[in-house]
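Listing of target_2.pdb; format and content: PDB, C-alpha atoms.
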ATOM      1  CA  MET A  20      60.948 -29.977  62.650
ATOM      2  CA  ASN A  21      57.252 -29.820  63.604
ATOM      3  CA  PHE A  22      54.707 -32.622  63.477
ATOM      4  CA  SER A  23      53.213 -31.574  60.110
ATOM      5  CA  SER A  24      56.662 -31.709  58.477
ATOM      6  CA  ILE A  25      57.320 -35.184  59.912
ATOM      7  CA  ARG A  26      53.900 -36.350  58.727
ATOM      8  CA  LYS A  27      54.527 -35.017  55.231
ATOM      9  CA  SER A  28      57.946 -36.713  55.097
ATOM     10  CA  VAL A  29      56.430 -40.032  56.129
ATOM     11  CA  TRP A  30      53.739 -39.605  53.464
ATOM     12  CA  GLN A  31      56.403 -38.965  50.808
ATOM     13  CA  ILE A  32      58.325 -42.115  51.801
ATOM     14  CA  ALA A  33      55.128 -44.169  51.681
ATOM     15  CA  GLU A  34      54.336 -42.634  48.292
ATOM     16  CA  LEU A  35      57.574 -44.054  46.890
ATOM     17  CA  ALA A  36      56.604 -47.574  47.946
ATOM     18  CA  VAL A  37      52.880 -47.441  47.155
ATOM     19  CA  PRO A  38      51.994 -44.481  44.908
ATOM     20  CA  GLN A  39      48.542 -43.082  45.577
ATOM     21  CA  THR A  40      46.455 -41.990  42.618
ATOM     22  CA  CYS A  41      43.682 -39.427  42.400
ATOM     23  CA  ALA A  42      40.344 -41.208  42.885
ATOM     24  CA  SER A  43      38.901 -39.324  39.931
ATOM     25  CA  CYS A  44      41.519 -38.691  37.211
ATOM     26  CA  ARG A  45      44.068 -41.349  38.334
ATOM     27  CA  THR A  46      47.064 -38.965  38.392
ATOM     28  CA  TYR A  47      49.584 -39.288  41.222
ATOM     29  CA  GLY A  48      52.160 -37.155  42.984
ATOM     30  CA  ILE A  49      52.892 -34.920  45.956
ATOM     31  CA  GLU A  50      49.932 -32.678  45.087
ATOM     32  CA  LEU A  51      47.618 -35.356  46.545
ATOM     33  CA  TYR A  52      48.980 -34.719  50.044
ATOM     34  CA  ASN A  53      46.252 -33.391  52.356
ATOM     35  CA  ASN A  54      43.699 -33.457  49.521
ATOM     36  CA  ASN A  55      41.852 -36.581  50.679
ATOM     37  CA  GLY A  56      43.074 -38.683  47.757
ATOM     38  CA  LEU A  57      42.080 -36.170  45.063
ATOM     39  CA  CYS A  58      44.333 -33.943  43.008
ATOM     40  CA  PRO A  59      43.727 -30.193  43.561
ATOM     41  CA  ALA A  60      41.749 -29.811  40.313
ATOM     42  CA  CYS A  61      39.463 -32.806  40.949
ATOM     43  CA  SER A  62      39.088 -31.886  44.618
ATOM     44  CA  GLN A  63      37.771 -28.458  43.661
ATOM     45  CA  LEU A  64      35.483 -29.855  40.948
ATOM     46  CA  VAL A  65      34.026 -32.551  43.224
ATOM     47  CA  ARG A  66      33.412 -30.092  46.066
ATOM     48  CA  MET A  67      31.755 -27.656  43.657
ATOM     49  CA  SER A  68      29.599 -30.477  42.247
ATOM     50  CA  LEU A  69      28.352 -31.255  45.765
ATOM     51  CA  LEU A  70      27.047 -27.684  46.107
ATOM     52  CA  ASN A  71      24.401 -28.431  43.476
ATOM     53  CA  VAL A  72      21.765 -29.448  46.038
ATOM     54  CA  HIS A  73      18.537 -30.192  44.207
ATOM     55  CA  VAL A  74      15.362 -32.263  44.101
ATOM     56  CA  PRO A  75      15.848 -34.992  41.461
ATOM     57  CA  HIS A  76      13.097 -36.191  39.142
ATOM     58  CA  LEU A  77      12.547 -39.870  39.885
ATOM     59  CA  ARG A  78      10.472 -42.565  38.231
ATOM     60  CA  VAL A  79       9.353 -43.915  41.601
ATOM     61  CA  PRO A  80       7.091 -41.398  43.389
ATOM     62  CA  LEU A  81       8.804 -40.320  46.621
ATOM     63  CA  ASN A  82       8.384 -37.210  48.746
ATOM     64  CA  ASN A  83      11.229 -34.988  49.987
ATOM     65  CA  VAL A  84      14.050 -36.501  47.938
ATOM     66  CA  VAL A  85      17.226 -34.380  47.948
ATOM     67  CA  ALA A  86      20.575 -34.950  46.217
ATOM     68  CA  ALA A  87      23.735 -32.928  46.802
ATOM     69  CA  GLY A  88      24.988 -33.220  43.220
ATOM     70  CA  VAL A  89      24.490 -34.703  39.776
ATOM     71  CA  TYR A  90      26.042 -38.097  39.124
ATOM     72  CA  GLU A  91      28.430 -37.243  36.309
ATOM     73  CA  HIS A  92      32.057 -36.428  35.501
ATOM     74  CA  GLU A  93      34.453 -36.134  38.488
ATOM     75  CA  LEU A  94      31.743 -36.745  41.090
ATOM     76  CA  ALA A  95      30.607 -39.963  39.398
ATOM     77  CA  ARG A  96      34.186 -41.270  39.143
ATOM     78  CA  THR A  97      34.820 -40.454  42.807
ATOM     79  CA  VAL A  98      31.658 -42.259  43.946
ATOM     80  CA  LEU A  99      32.589 -45.313  41.851
ATOM     81  CA  ALA A 100      36.101 -45.310  43.311
ATOM     82  CA  PHE A 101      34.624 -45.224  46.825
ATOM     83  CA  LYS A 102      32.153 -48.027  46.112
ATOM     84  CA  ASN A 103      34.037 -50.373  43.812
ATOM     85  CA  GLU A 104      37.752 -49.643  44.125
ATOM     86  CA  GLY A 105      38.247 -49.609  47.878
ATOM     87  CA  ARG A 106      38.843 -45.853  48.032
ATOM     88  CA  TYR A 107      37.530 -45.515  51.573
ATOM     89  CA  ASP A 108      39.410 -42.205  51.847
ATOM     90  CA  GLN A 109      36.656 -40.556  49.790
ATOM     91  CA  HIS A 110      34.063 -40.943  52.542
ATOM     92  CA  ARG A 111      34.843 -37.510  53.983
ATOM     93  CA  VAL A 112      34.145 -35.437  50.897
ATOM     94  CA  LEU A 113      31.144 -37.567  49.860
ATOM     95  CA  GLY A 114      29.775 -37.662  53.411
ATOM     96  CA  GLY A 115      29.934 -33.868  53.469
ATOM     97  CA  GLY A 116      27.684 -33.794  50.407
ATOM     98  CA  LEU A 117      25.214 -36.166  52.048
ATOM     99  CA  ALA A 118      25.172 -33.891  55.105
ATOM    100  CA  ARG A 119      23.997 -30.992  52.909
ATOM    101  CA  SER A 120      21.104 -33.069  51.583
ATOM    102  CA  ILE A 121      20.108 -34.093  55.103
ATOM    103  CA  GLN A 122      20.361 -30.512  56.331
ATOM    104  CA  LEU A 123      17.904 -29.327  53.675
ATOM    105  CA  ILE A 124      15.383 -31.978  54.751
ATOM    106  CA  LEU A 125      15.829 -31.085  58.415
ATOM    107  CA  GLU A 126      15.081 -27.401  57.776
ATOM    108  CA  ALA A 127      11.416 -28.300  57.322
ATOM    109  CA  HIS A 128      11.303 -30.439  60.471
ATOM    110  CA  GLU A 129      10.358 -29.026  63.859
ATOM    111  CA  ASN A 130      12.629 -31.205  66.002
ATOM    112  CA  PRO A 131      15.774 -32.418  64.163
ATOM    113  CA  SER A 132      17.243 -33.923  67.346
ATOM    114  CA  MET A 133      14.606 -36.671  67.259
ATOM    115  CA  CYS A 134      15.480 -37.776  63.719
ATOM    116  CA  VAL A 135      17.283 -41.016  62.890
ATOM    117  CA  LEU A 136      19.391 -41.670  59.793
ATOM    118  CA  VAL A 137      18.734 -45.049  58.155
ATOM    119  CA  PRO A 138      21.146 -46.086  55.363
ATOM    120  CA  VAL A 139      19.982 -48.092  52.368
ATOM    121  CA  PRO A 140      21.442 -51.579  52.987
ATOM    122  CA  SER A 141      23.979 -53.421  50.862
ATOM    123  CA  SER A 142      23.882 -57.173  50.377
ATOM    124  CA  SER A 143      26.106 -59.216  52.675
ATOM    125  CA  LYS A 144      28.095 -60.352  49.634
ATOM    126  CA  ASN A 145      28.916 -56.788  48.561
ATOM    127  CA  THR A 146      29.632 -55.707  52.140
ATOM    128  CA  LYS A 147      32.153 -58.534  52.583
ATOM    129  CA  LYS A 148      33.717 -57.760  49.224
ATOM    130  CA  ARG A 149      34.161 -54.063  49.975
ATOM    131  CA  GLY A 150      34.775 -54.354  53.685
ATOM    132  CA  TYR A 151      32.093 -51.767  54.417
ATOM    133  CA  SER A 152      28.588 -50.692  53.458
ATOM    134  CA  PRO A 153      28.886 -47.445  51.427
ATOM    135  CA  ALA A 154      25.584 -45.870  52.480
ATOM    136  CA  GLU A 155      26.184 -46.652  56.159
ATOM    137  CA  VAL A 156      29.714 -45.191  56.115
ATOM    138  CA  LEU A 157      28.473 -42.022  54.419
ATOM    139  CA  ALA A 158      25.564 -41.710  56.854
ATOM    140  CA  GLN A 159      27.964 -41.972  59.817
ATOM    141  CA  THR A 160      30.241 -39.348  58.244
ATOM    142  CA  ALA A 161      27.310 -37.012  57.568
ATOM    143  CA  HIS A 162      26.121 -37.502  61.153
ATOM    144  CA  ARG A 163      29.511 -36.375  62.486
ATOM    145  CA  ASP A 164      29.610 -33.388  60.118
ATOM    146  CA  LEU A 165      26.157 -32.258  61.193
ATOM    147  CA  LYS A 166      27.095 -32.515  64.874
ATOM    148  CA  LEU A 167      30.121 -30.280  64.217
ATOM    149  CA  GLN A 168      27.701 -27.743  62.743
ATOM    150  CA  GLY A 169      25.566 -27.888  65.885
ATOM    151  CA  ILE A 170      22.818 -30.019  64.330
ATOM    152  CA  ASN A 171      22.219 -32.904  66.728
ATOM    153  CA  ILE A 172      20.572 -35.956  65.189
ATOM    154  CA  THR A 173      19.827 -38.926  67.434
ATOM    155  CA  ARG A 174      22.020 -41.480  65.641
ATOM    156  CA  VAL A 175      22.514 -43.688  62.601
ATOM    157  CA  ILE A 176      20.647 -46.991  62.760
ATOM    158  CA  PRO A 177      21.071 -49.645  60.022
ATOM    159  CA  ALA A 178      17.515 -50.788  60.707
ATOM    160  CA  VAL A 179      16.955 -52.433  57.317
ATOM    161  CA  SER A 180      18.828 -55.314  55.692
ATOM    162  CA  VAL A 181      18.631 -57.274  52.464
ATOM    163  CA  GLY A 182      16.427 -60.268  53.208
ATOM    164  CA  ARG A 183      16.651 -62.227  49.984
ATOM    165  CA  LYS A 184      19.142 -62.551  47.182
ATOM    166  CA  VAL A 185      18.428 -60.127  44.371
ATOM    167  CA  SER A 186      18.884 -61.556  40.896
ATOM    168  CA  GLN A 187      22.089 -60.420  39.222
ATOM    169  CA  ALA A 188      21.158 -61.801  35.817
ATOM    170  CA  SER A 189      21.247 -58.343  34.271
ATOM    171  CA  GLY A 190      23.126 -55.295  35.504
ATOM    172  CA  GLN A 191      21.043 -52.752  37.355
ATOM    173  CA  LYS A 192      22.396 -49.940  35.157
ATOM    174  CA  ASN A 193      20.550 -51.356  32.147
ATOM    175  CA  LEU A 194      17.183 -51.700  33.889
ATOM    176  CA  GLY A 195      14.299 -49.246  33.711
ATOM    177  CA  ALA A 196      12.257 -48.005  36.650
ATOM    178  CA  GLN A 197       9.654 -50.795  36.539
ATOM    179  CA  ALA A 198      12.286 -53.514  36.123
ATOM    180  CA  ARG A 199      14.323 -52.127  39.023
ATOM    181  CA  TRP A 200      11.264 -51.968  41.262
ATOM    182  CA  ALA A 201      10.181 -55.520  40.343
ATOM    183  CA  ARG A 202      13.729 -56.727  40.988
ATOM    184  CA  ILE A 203      14.057 -55.181  44.438
ATOM    185  CA  HIS A 204      10.453 -55.202  45.702
ATOM    186  CA  ARG A 205      10.048 -57.168  48.944
ATOM    187  CA  SER A 206      13.771 -57.911  49.041
ATOM    188  CA  MET A 207      14.406 -56.022  52.315
ATOM    189  CA  VAL A 208      13.436 -56.836  55.885
ATOM    190  CA  PRO A 209      14.003 -55.338  59.360
ATOM    191  CA  ALA A 210      17.639 -55.856  60.348
ATOM    192  CA  THR A 211      18.831 -58.002  63.228
ATOM    193  CA  LEU A 212      21.392 -55.853  65.032
ATOM    194  CA  PRO A 213      24.081 -57.273  67.365
ATOM    195  CA  SER A 214      22.519 -55.486  70.358
ATOM    196  CA  MET A 215      19.361 -57.546  69.884
ATOM    197  CA  TYR A 216      21.247 -60.703  70.915
ATOM    198  CA  LEU A 217      21.859 -59.008  74.270
ATOM    199  CA  GLY A 218      18.173 -58.436  74.841
ATOM    200  CA  PHE A 219      17.991 -54.850  73.543
ATOM    201  CA  SER A 220      15.367 -53.899  71.009
ATOM    202  CA  ILE A 221      15.049 -50.924  68.684
ATOM    203  CA  ASP A 222      11.645 -49.291  68.595
ATOM    204  CA  LEU A 223      11.202 -46.913  65.667
ATOM    205  CA  ARG A 224       7.470 -46.452  66.087
ATOM    206  CA  ASP A 225       6.534 -42.843  65.309
ATOM    207  CA  THR A 226      10.249 -41.980  64.953
ATOM    208  CA  PRO A 227      11.104 -39.520  62.156
ATOM    209  CA  CYS A 228      13.640 -41.167  59.835
ATOM    210  CA  ILE A 229      15.696 -40.021  56.866
ATOM    211  CA  VAL A 230      16.723 -42.693  54.361
ATOM    212  CA  CYS A 231      20.322 -42.189  53.141
ATOM    213  CA  ASP A 232      22.054 -43.534  50.031
ATOM    214  CA  ASP A 233      25.108 -42.751  47.926
ATOM    215  CA  VAL A 234      23.435 -42.572  44.497
ATOM    216  CA  VAL A 235      19.759 -42.428  43.534
ATOM    217  CA  THR A 236      18.732 -43.452  40.024
ATOM    218  CA  THR A 237      15.040 -44.346  39.961
ATOM    219  CA  GLY A 238      14.439 -44.331  43.723
ATOM    220  CA  ALA A 239      13.545 -48.044  43.897
ATOM    221  CA  SER A 240      16.071 -48.917  46.637
ATOM    222  CA  MET A 241      15.059 -45.892  48.701
ATOM    223  CA  ALA A 242      11.370 -46.709  48.275
ATOM    224  CA  GLU A 243      11.925 -50.307  49.404
ATOM    225  CA  THR A 244      13.856 -49.126  52.468
ATOM    226  CA  GLY A 245      11.060 -46.678  53.236
ATOM    227  CA  ARG A 246       8.479 -49.456  52.891
ATOM    228  CA  VAL A 247      10.213 -51.567  55.555
ATOM    229  CA  LEU A 248      10.512 -48.564  57.883
ATOM    230  CA  ALA A 249       6.824 -47.780  57.440
ATOM    231  CA  GLU A 250       5.930 -51.357  58.360
ATOM    232  CA  MET A 251       8.075 -50.909  61.478
ATOM    233  CA  GLY A 252       5.956 -47.884  62.409
ATOM    234  CA  ALA A 253       8.545 -45.219  61.560
ATOM    235  CA  ARG A 254       7.747 -41.917  59.860
ATOM    236  CA  VAL A 255       9.971 -41.349  56.815
ATOM    237  CA  ILE A 256      10.354 -37.577  56.488
ATOM    238  CA  GLY A 257      12.792 -37.558  53.575
ATOM    239  CA  TYR A 258      15.320 -39.305  51.363
ATOM    240  CA  ALA A 259      18.883 -37.951  51.089
ATOM    241  CA  SER A 260      21.622 -38.946  48.658
ATOM    242  CA  VAL A 261      25.056 -37.776  47.611
ATOM    243  CA  ALA A 262      24.252 -37.711  43.894
ATOM    244  CA  ALA A 263      21.347 -38.307  41.548
ATOM    245  CA  VAL A 264      21.628 -39.839  38.093
ATOM    246  CA  PRO A 265      20.079 -37.394  35.584
ATOM    247  CA  ARG A 266      17.200 -38.735  33.522
ATOM    248  CA  ARG A 267      17.841 -39.023  29.810
ATOM    249  CA  SER A 268      15.399 -36.190  29.099
ATOM    250  CA  GLU A 269      17.465 -33.881  31.332
ATOM    251  CA  LEU A 270      20.659 -34.341  29.323
ATOM    252  CA  LEU A 271      21.709 -31.667  26.868
ATOM    253  CA  PRO A 272      21.088 -32.409  23.162
ATOM    254  CA  LYS A 273      24.853 -32.471  22.592
ATOM    255  CA  GLN A 274      25.251 -35.105  25.321
ATOM    256  CA  LEU A 275      22.525 -37.179  23.701
ATOM    257  CA  GLU A 276      24.283 -36.968  20.356
ATOM    258  CA  ASN A 277      27.543 -38.147  21.948
ATOM    259  CA  LYS A 278      25.779 -41.078  23.598
ATOM    260  CA  ASN A 279      24.183 -42.136  20.317
ATOM    261  CA  CYS A 280      27.445 -42.017  18.385
TER     262      CYS A 280
END

Take the structure in this file and express it as structure tokens.
Amino acid sequence: MNFSSIRKSVWQIAELAVPQTCASCRTYGIELYNNNGLCPACSQLVRMSLLNVHVPHLRVPLNNVVAAGVYEHELARTVLAFKNEGRYDQHRVLGGGLARSIQLILEAHENPSMCVLVPVPSSSKNTKKRGYSPAEVLAQTAHRDLKLQGINITRVIPAVSVGRKVSQASGQKNLGAQARWARIHRSMVPATLPSMYLGFSIDLRDTPCIVCDDVVTTGASMAETGRVLAEMGARVIGYASVAAVPRRSELLPKQLENKNC
């Protein structure tokens, strides 16, 4: 019996005790083995969705914004499972999509090895609740994927943090572009990293940076992160995300009819 057979047997025993469900359609069974927590059908659909690399239309004016897919159907459910349901196992497939977005931005840059990836920060409350910061995890995964492809980026630096508590009076999903921007404007500050307590400092002056996030809706969070980086002297050369929420005008008439029913 080889190692792969032993590993599969152990997985089957564990499955009896704690059944694992597909992060997208919630089915369970042996077909999830070696599929990164997705059933074969959803795995194929999510991976195909992440090939739809495009430039989203945002309410907030930003340059060089790239998304790997459209935030809908299986991809949307997988992102939500990763962010809100503790499905950390989805970071590989989603990080691969973020890597494609970053790669497209880097193609227009003369020296990719000098670039730094800066994730959009999560609040300390959400980070403690989840156990990780989604954008930072995906940026680290994308960084590793790019290195395997021979694209050497300097590193991932969480250089920005949430400086003040953002009002949660109304859900962000129900806010328009102006309301989102007013809600998040001036809420971020330069981060205090653990290495700074040891006397090390991070100088991003004139450093090309790419802002990374899991989902972009209006671009307000990305714009605020870019504002802090600009005040630190960095040069933001692009904004990369796994998925972009389509604007209402981009939806098909049939989808609009279904939403209004």

How would you write, as a PyMOL selection string, the residues chosen by the PyMOL selection byres ((chain A and resi 122-136) around 9) on this structure?
-> chain A and resi 72+83-85+117-121+137-138+158-159+162+165+170-177+223+226-231+256-259

Could those residues be written to a file, using C-alpha atoms, as a PDB file, in the frame of the given file?
ATOM      1  CA  VAL A  72      21.765 -29.448  46.038  1.00  0.00           C
ATOM      2  CA  ASN A  83      11.229 -34.988  49.987  1.00  0.00           C
ATOM      3  CA  VAL A  84      14.050 -36.501  47.938  1.00  0.00           C
ATOM      4  CA  VAL A  85      17.226 -34.380  47.948  1.00  0.00           C
ATOM      5  CA  LEU A 117      25.214 -36.166  52.048  1.00  0.00           C
ATOM      6  CA  ALA A 118      25.172 -33.891  55.105  1.00  0.00           C
ATOM      7  CA  ARG A 119      23.997 -30.992  52.909  1.00  0.00           C
ATOM      8  CA  SER A 120      21.104 -33.069  51.583  1.00  0.00           C
ATOM      9  CA  ILE A 121      20.108 -34.093  55.103  1.00  0.00           C
ATOM     10  CA  VAL A 137      18.734 -45.049  58.155  1.00  0.00           C
ATOM     11  CA  PRO A 138      21.146 -46.086  55.363  1.00  0.00           C
ATOM     12  CA  ALA A 158      25.564 -41.710  56.854  1.00  0.00           C
ATOM     13  CA  GLN A 159      27.964 -41.972  59.817  1.00  0.00           C
ATOM     14  CA  HIS A 162      26.121 -37.502  61.153  1.00  0.00           C
ATOM     15  CA  LEU A 165      26.157 -32.258  61.193  1.00  0.00           C
ATOM     16  CA  ILE A 170      22.818 -30.019  64.330  1.00  0.00           C
ATOM     17  CA  ASN A 171      22.219 -32.904  66.728  1.00  0.00           C
ATOM     18  CA  ILE A 172      20.572 -35.956  65.189  1.00  0.00           C
ATOM     19  CA  THR A 173      19.827 -38.926  67.434  1.00  0.00           C
ATOM     20  CA  ARG A 174      22.020 -41.480  65.641  1.00  0.00           C
ATOM     21  CA  VAL A 175      22.514 -43.688  62.601  1.00  0.00           C
ATOM     22  CA  ILE A 176      20.647 -46.991  62.760  1.00  0.00           C
ATOM     23  CA  PRO A 177      21.071 -49.645  60.022  1.00  0.00           C
ATOM     24  CA  LEU A 223      11.202 -46.913  65.667  1.00  0.00           C
ATOM     25  CA  THR A 226      10.249 -41.980  64.953  1.00  0.00           C
ATOM     26  CA  PRO A 227      11.104 -39.520  62.156  1.00  0.00           C
ATOM     27  CA  CYS A 228      13.640 -41.167  59.835  1.00  0.00           C
ATOM     28  CA  ILE A 229      15.696 -40.021  56.866  1.00  0.00           C
ATOM     29  CA  VAL A 230      16.723 -42.693  54.361  1.00  0.00           C
ATOM     30  CA  CYS A 231      20.322 -42.189  53.141  1.00  0.00           C
ATOM     31  CA  ILE A 256      10.354 -37.577  56.488  1.00  0.00           C
ATOM     32  CA  GLY A 257      12.792 -37.558  53.575  1.00  0.00           C
ATOM     33  CA  TYR A 258      15.320 -39.305  51.363  1.00  0.00           C
ATOM     34  CA  ALA A 259      18.883 -37.951  51.089  1.00  0.00           C
TER      35      ALA A 259
END

Which residues fall under the PyMOL selection byres ((chain A and resi 207) around 8) in this file, as a list of chain:residue names?
->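 Against this file, the PyMOL selection byres ((chain A and resi 207) around 8) returns the residues A:Val179, A:Ser180, A:Val181, A:Gly182, A:Arg183, A:Ile203, A:His204, A:Arg205, A:Ser206, A:Val208, A:Pro209, A:Glu243, A:Thr244, A:Val247.
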
Just give me the gap between atom CA of A:Ser240 and atom CA of A:Val79 in Å, one decimal is fine.
->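 Atom-to-atom, atom CA of A:Ser240 and atom CA of A:Val79 are spaced 9.8 Å apart.
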
Which residue, A:Gly238, A:Pro153, A:Gly116, A:Gly245, has the smallest gap to A:Leu99 when you use only C-alpha atoms?
->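 Result for the nearest residue to A:Leu99: A:Pro153.
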
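A straight line drawn from atom CA of A:Tyr90 to atom CA of A:Val264 is 4.9 Å long.
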
In terms of the shortest atom-to-atom distance over all atoms listed in the file, which of A:Ala253, A:Cys61, A:Val235, A:Leu248 is closest to A:Val89?
-> A:Val235

Selection as a count of residues only: residues within 10 Å of (20.3, -38.2, 37.0), counting only C-alpha atoms | 21

Counting all atoms listed in the file, the option among A:Leu64, A:Val74, A:Ala161, A:Leu81 closest to A:Leu94 |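 Looking only at the distances to A:Leu94, the closest residue turns out to be A:Leu64.
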
What is the atom CA of A:Gly115-atom CA of A:Ala42 distance in Å, reported with one decimal?
->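 A separation of 16.6 Å between them.
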
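Using only C-alpha atoms, the shortest contact distance between A:Tyr107 and any of A:Ser68, A:Asn55, A:Ser220, A:Ser142 is found at A:Asn55.
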